[in-house]
$ cat input_35.txt   # compact mmCIF, C-alpha atoms and all ligand atoms
# COMPACT_ATOMS: atom_id res chain seq x y z
CA MET A 1 136.10 48.98 220.78
CA ILE A 2 133.09 50.99 219.64
CA GLN A 3 129.67 49.41 219.83
CA LEU A 4 126.07 50.52 219.59
CA ARG A 5 123.72 49.20 222.19
CA GLU A 6 119.97 49.48 222.58
CA LEU A 7 118.64 52.43 224.54
CA ARG A 8 117.59 51.50 228.10
CA GLY A 9 115.43 53.21 230.69
CA ASP A 10 118.46 54.07 232.81
CA ASP A 11 119.98 56.08 229.92
CA ALA A 12 117.44 58.89 230.45
CA LYS A 13 119.57 60.93 232.85
CA ARG A 14 122.78 60.73 230.81
CA LEU A 15 120.99 61.79 227.64
CA TYR A 16 119.48 64.73 229.53
CA LEU A 17 122.91 65.85 230.75
CA TRP A 18 124.73 65.23 227.45
CA ARG A 19 122.16 67.03 225.31
CA ARG A 20 122.23 70.13 227.54
CA ALA A 21 126.02 70.34 227.70
CA PRO A 22 127.18 73.52 225.90
CA ALA A 23 129.77 71.59 223.84
CA VAL A 24 126.92 69.53 222.37
CA ASP A 25 124.09 72.04 222.35
CA ARG A 26 126.06 74.68 220.45
CA TRP A 27 126.06 72.41 217.39
CA MET A 28 122.52 71.05 217.57
CA CYS A 29 119.78 72.52 215.38
CA GLY A 30 117.04 71.97 217.94
CA ARG A 31 116.80 72.90 221.60
CA PRO A 32 117.28 70.67 224.63
CA ALA A 33 114.39 69.99 226.98
CA GLU A 34 114.15 72.77 229.56
CA THR A 35 113.30 70.47 232.44
CA PHE A 36 113.95 66.85 233.31
CA ASP A 37 110.19 66.19 233.19
CA ALA A 38 110.02 67.53 229.64
CA HIS A 39 113.03 65.39 228.75
CA MET A 40 111.35 62.31 230.22
CA ALA A 41 108.23 62.95 228.15
CA TRP A 42 110.41 63.06 225.03
CA PHE A 43 112.45 60.02 226.13
CA ASP A 44 109.40 57.84 226.84
CA ALA A 45 107.68 58.84 223.62
CA PHE A 46 110.87 58.21 221.65
CA ARG A 47 111.27 54.72 223.06
CA GLU A 48 107.65 53.86 222.33
CA ASP A 49 107.77 55.20 218.77
CA HIS A 50 108.27 52.24 216.44
CA ASP A 51 109.52 54.56 213.70
CA SER A 52 112.37 55.89 215.83
CA LYS A 53 115.55 54.09 216.69
CA GLY A 54 118.21 55.23 219.13
CA TRP A 55 121.47 53.68 220.23
CA ILE A 56 123.93 54.46 222.95
CA VAL A 57 127.47 54.66 221.57
CA ALA A 58 129.69 52.60 223.87
CA TRP A 59 133.47 52.95 223.90
CA ASN A 60 135.04 49.99 225.64
CA ARG A 61 131.56 49.36 227.08
CA ARG A 62 131.28 52.85 228.58
CA PRO A 63 128.45 55.05 227.27
CA VAL A 64 129.82 58.10 225.46
CA GLY A 65 127.20 59.22 222.95
CA PHE A 66 123.91 58.82 221.19
CA VAL A 67 122.86 58.15 217.58
CA MET A 68 119.26 58.23 216.44
CA LEU A 69 117.08 57.81 213.42
CA LYS A 70 113.57 59.22 213.24
CA GLY A 71 110.81 58.28 210.82
CA CYS A 72 112.37 54.95 209.81
CA GLY A 73 109.00 53.47 208.89
CA CYS A 74 107.91 56.26 206.58
CA ASP A 75 106.48 55.26 203.20
CA ASP A 76 109.36 56.96 201.40
CA GLY A 77 111.94 54.79 203.14
CA ARG A 78 113.65 57.90 204.48
CA ALA A 79 114.88 58.57 208.01
CA GLU A 80 116.29 61.62 209.81
CA TRP A 81 119.71 61.41 211.38
CA GLY A 82 120.73 62.83 214.75
CA TRP A 83 123.86 62.24 216.83
CA TYR A 84 126.26 63.52 219.42
CA ILE A 85 129.17 62.37 221.47
CA GLY A 86 128.27 63.52 224.97
CA GLU A 87 131.47 62.72 226.86
CA ASP A 88 134.09 65.43 226.31
CA ARG A 89 136.99 63.00 226.42
CA ALA A 90 135.49 60.94 223.58
CA ARG A 91 135.03 63.75 221.06
CA GLY A 92 137.58 64.18 218.27
CA ARG A 93 139.07 60.71 218.77
CA GLY A 94 137.36 58.91 215.88
CA VAL A 95 134.53 57.57 218.04
CA GLY A 96 131.85 59.46 216.09
CA ARG A 97 133.14 58.21 212.77
CA ALA A 98 133.09 54.61 214.01
CA ALA A 99 129.62 54.95 215.55
CA GLN A 100 128.34 56.45 212.33
CA ALA A 101 129.49 53.39 210.36
CA LEU A 102 127.71 51.04 212.75
CA ALA A 103 124.48 53.06 212.65
CA LEU A 104 124.52 53.34 208.85
CA ASP A 105 124.92 49.56 208.57
CA GLU A 106 121.89 49.13 210.84
CA ALA A 107 119.86 51.72 208.95
CA PHE A 108 120.51 50.38 205.47
CA GLY A 109 120.54 46.77 206.68
CA PRO A 110 118.01 45.51 209.23
CA LEU A 111 115.99 48.74 209.35
CA GLY A 112 115.53 48.80 205.58
CA VAL A 113 116.01 52.56 205.22
CA ARG A 114 116.65 53.85 201.68
CA LYS A 115 117.78 57.40 202.40
CA ILE A 116 119.02 59.33 205.42
CA ALA A 117 118.51 63.07 205.71
CA SER A 118 120.50 65.24 208.08
CA GLU A 119 120.62 68.91 209.06
CA VAL A 120 123.97 70.36 210.13
CA LEU A 121 124.75 73.87 211.33
CA VAL A 122 127.19 75.67 209.05
CA GLY A 123 130.59 75.60 210.76
CA ASN A 124 130.17 72.19 212.37
CA ALA A 125 133.42 70.89 210.89
CA ALA A 126 133.45 67.56 212.75
CA ALA A 127 129.95 66.57 211.63
CA LEU A 128 130.42 67.83 208.07
CA LYS A 129 133.75 66.02 207.68
CA ALA A 130 132.53 62.75 209.15
CA GLN A 131 129.28 62.75 207.22
CA THR A 132 130.86 63.77 203.92
CA ALA A 133 133.39 60.96 204.35
CA ALA A 134 130.50 58.49 204.66
CA GLY A 135 129.00 59.72 201.40
CA PHE A 136 126.45 62.31 202.58
CA ARG A 137 125.97 64.92 199.88
CA ARG A 138 124.95 68.52 200.27
CA GLU A 139 121.38 68.91 199.00
CA GLY A 140 120.60 72.42 200.11
CA LEU A 141 121.13 75.34 202.44
CA LEU A 142 118.52 76.74 204.79
CA ARG A 143 119.48 80.37 205.32
CA ALA A 144 119.20 81.93 208.80
CA HIS A 145 117.19 78.87 209.75
CA VAL A 146 117.76 78.56 213.49
CA LEU A 147 118.48 80.96 216.32
CA LYS A 148 121.43 80.03 218.49
CA ASP A 149 121.98 82.42 221.38
CA GLY A 150 119.98 84.96 219.44
CA GLU A 151 122.08 84.61 216.29
CA ALA A 152 120.44 83.40 213.06
CA ARG A 153 122.43 80.46 211.70
CA ASP A 154 122.44 78.69 208.34
CA VAL A 155 121.79 74.97 208.16
CA VAL A 156 123.18 72.57 205.54
CA LEU A 157 120.87 69.82 204.30
CA LEU A 158 122.67 66.54 203.73
CA GLY A 159 121.39 63.35 202.16
CA LEU A 160 122.81 59.84 202.01
CA LEU A 161 121.39 57.13 199.76
CA GLU A 162 121.88 53.46 200.44
CA GLN A 163 124.10 53.19 197.35
CA ASP A 164 126.22 56.18 198.46
CA TRP A 165 127.12 54.35 201.68
CA ALA A 166 127.69 51.06 199.84
CA ALA A 167 130.18 52.83 197.54
CA ARG A 168 132.05 54.49 200.42
CA ARG A 169 131.82 51.86 203.14
CA ASP A 170 135.09 49.97 202.59
CA ASP A 171 137.24 53.09 202.27
CA TYR A 172 135.47 54.65 205.23
CA LEU A 173 136.13 51.65 207.47
CA ARG A 174 139.78 51.64 206.41
CA GLY A 175 139.96 55.29 207.44
CA LEU A 176 138.88 54.71 211.04
CA ALA A 177 141.39 55.80 213.68
CA PRO A 178 143.94 52.97 214.24
CA ASP A 179 143.11 52.64 217.93
CA ILE A 180 139.35 52.60 217.30
CA ALA A 181 137.86 49.23 216.39
CA ILE A 182 134.21 48.57 215.74
CA ALA A 183 132.22 45.52 216.76
CA ALA A 184 131.97 43.03 213.89
C1 LIG A 201 129.88 65.62 215.42
C2 LIG A 201 130.39 64.53 216.34
C3 LIG A 201 129.26 63.53 216.59
C4 LIG A 201 131.55 63.80 215.62
O1 LIG A 201 132.05 62.81 216.48
P1 LIG A 201 133.61 62.82 216.91
O2 LIG A 201 133.90 61.55 217.59
O3 LIG A 201 133.91 64.07 217.66
O4 LIG A 201 134.30 62.91 215.49
P2 LIG A 201 135.55 62.07 214.97
O5 LIG A 201 136.64 62.14 215.97
O6 LIG A 201 135.07 60.75 214.52
O7 LIG A 201 135.98 62.98 213.74
C5 LIG A 201 135.19 63.17 212.60
C6 LIG A 201 135.90 64.12 211.67
O8 LIG A 201 135.85 65.44 212.20
C7 LIG A 201 137.16 65.94 212.44
N1 LIG A 201 137.06 66.66 213.69
C8 LIG A 201 136.82 66.14 214.91
N2 LIG A 201 136.73 67.14 215.81
C9 LIG A 201 136.91 68.30 215.13
C10 LIG A 201 136.93 69.67 215.49
N3 LIG A 201 136.72 70.06 216.74
N4 LIG A 201 137.16 70.58 214.52
C11 LIG A 201 137.35 70.21 213.25
N5 LIG A 201 137.33 68.92 212.83
C12 LIG A 201 137.13 67.98 213.77
C13 LIG A 201 138.05 64.73 212.50
O9 LIG A 201 139.37 65.03 212.13
C14 LIG A 201 137.37 63.83 211.51
O10 LIG A 201 137.73 64.23 210.19
P3 LIG A 201 137.93 63.15 209.03
O11 LIG A 201 136.59 62.42 208.92
O12 LIG A 201 138.26 63.98 207.85
O13 LIG A 201 139.01 62.25 209.52
C15 LIG A 201 130.91 65.10 217.69
O14 LIG A 201 132.03 65.93 217.47
C16 LIG A 201 129.86 65.84 218.48
O15 LIG A 201 129.08 65.23 219.17
N6 LIG A 201 129.83 67.20 218.36
C17 LIG A 201 128.89 67.99 219.15
C18 LIG A 201 127.42 67.75 218.76
C19 LIG A 201 127.23 67.70 217.27
O16 LIG A 201 127.85 68.42 216.51
N7 LIG A 201 126.33 66.79 216.83
C20 LIG A 201 126.02 66.65 215.43
C21 LIG A 201 124.98 67.64 215.04
S1 LIG A 201 124.68 67.48 213.29
$ encode --input "input_35.txt" --output "structure tokens"
Amino acid sequence: MIQLRELRGDDAKRLYLWRRAPAVDRWMCGRPAETFDAHMAWFDAFREDHDSKGWIVAWNRRPVGFVMLKGCGCDDGRAEWGWYIGEDRARGRGVGRAAQALALDEAFGPLGVRKIASEVLVGNAAALKAQTAAGFRREGLLRAHVLKDGEARDVVLLGLLEQDWAARRDDYLRGLAPDIAIAA
């Protein structure tokens, strides 16, 4: 069973470790905090920011990843998407796809978001497949936009409108891995 739960104070350490893990960091556009103190400053500010929302992805009640939306309260009704599955054993099993569905329902439901924007490194097949399946469309390409280990990398801009998700939702849920259920 995949669920999203509210972020808690005792999640700080696991987020710090997950975000720095090479298997996660290699596909993230930004950089992880260099120190735990810097991470805590980000973590505390994030939790206090009313326009940001973060959830721990729980698989059979065990924390395995993180999904977040930034800027939810902006006047344009647009939010920025960020996510990773931090536990190695949970990646590539359909957990991300399931968590994405739950977070999109929250975003376009209770949070009242109208559009979600996302930046994905070219070559990130798992993110591009999962997000395209949910209805994200390619809206642009930022050439040589970030430096990863000294190499300039292109970034794909993706956008998902509320109606895109509404049109895809049923098929998407039917396509979840058979052994992965989401909380009703
Ligand atoms: C991107 C991520 C969140 C997806 O979560 P996940 O649980 O691993 O993905 P899923 O198992 O739900 O699979 C999603 C899709 O990617 C495919 N996929 C999974 N792992 C893959 C891999 N290593 N290579 C290619 N395709 C892969 C799946 O087959 C699935 O395709 P489908 O939607 O066509 O069926 C996760 O892989 C991750 O955290 N990656 C590292 C950090 C990252 O990339 N964050 C996102 C930055 S934009």
$ axis_aligned_box --input "input_35.txt" --around "ligand LIG 201 (chain A)" --padding-each-side "4 Å" --output "JSON"
{"center_x": 132.0, "center_y": 65.7, "center_z": 213.5, "size_x": 22.7, "size_y": 17.8, "size_z": 19.3}
$ atom_distance --input "input_35.txt" --atom1 "atom CA of Ala103 of chain A" --atom2 "atom CA of Leu142 of chain A"
25.7 Å
$ residues_near_ligand --input "input_35.txt" --ligand "ligand LIG 201 (chain A)" --cutoff "8 Å" --atoms "only C-alpha atoms and all ligand atoms" --output "PyMOL selection string"
chain A and resi 23-29+65+82-86+90-98+118-121+124-133+175-176
$ closest_residue --input "input_35.txt" --among "A:Trp165, A:Phe136, A:Phe43, A:Tyr172" --to "Asp10 of chain A" --atoms "all atoms listed in the file"
A:Phe43
$ residues_around --input "input_35.txt" --residues "His145 of chain A" --least-positions-apart "5" --cutoff "7 Å" --atoms "only C-alpha atoms" --output "list in words"
Ala152, Arg153, Asp154 and Val155 of chain A
$ atom_distance --input "input_35.txt" --atom1 "atom CA of Gly9 of chain A" --atom2 "atom CA of His39 of chain A"
12.6 Å
$ closest_residue --input "input_35.txt" --among "A:Val64, A:Val146, A:Leu104, A:Phe46" --to "Asp88 of chain A" --atoms "only C-alpha atoms"
A:Val64
$ closest_residue --input "input_35.txt" --among "A:Arg5, A:Arg20, A:Arg114, A:His50" --to "Pro63 of chain A" --atoms "all atoms listed in the file"
A:Arg5
$ atom_distance --input "input_35.txt" --atom1 "atom CA of Arg168 of chain A" --atom2 "atom CA of Asp105 of chain A"
11.9 Å
$ closest_residue --input "input_35.txt" --among "A:Met68, A:Ala177, A:Leu7, A:Ala45" --to "Trp81 of chain A" --atoms "all atoms listed in the file"
A:Met68
$ closest_residue --input "input_35.txt" --among "A:Ala181, A:Glu80, A:Pro110, A:Glu87" --to "Ala21 of chain A" --atoms "all atoms listed in the file"
A:Glu87
$ residues_around --input "input_35.txt" --residues "Asp11 of chain A" --least-positions-apart "3" --cutoff "12 Å" --atoms "all atoms listed in the file" --output "MDAnalysis selection string"
chainID A and resid 5:8 14:18 39:40 43:44 47 54:58 62:66
$ closest_residue --input "input_35.txt" --among "A:Ala167, A:Leu102, A:Cys72, A:Leu173" --to "Gln3 of chain A" --atoms "all atoms listed in the file"
A:Leu102
$ residues_around --input "input_35.txt" --residues "Arg169 of chain A" --least-positions-apart "4" --cutoff "9 Å" --atoms "only C-alpha atoms" --output "JSON, numbers by chain"
{"A": [101, 134, 135, 164, 165, 173, 174]}
$ residues_around --input "input_35.txt" --residues "Gly112 of chain A" --least-positions-apart "5" --cutoff "12 Å" --atoms "all atoms listed in the file" --output "count of residues only"
16
$ residues_near_point --input "input_35.txt" --point "(129.0, 71.5, 200.6)" --cutoff "10 Å" --atoms "only C-alpha atoms" --output "PyMOL selection string"
chain A and resi 122+128+132+136-141+156-158
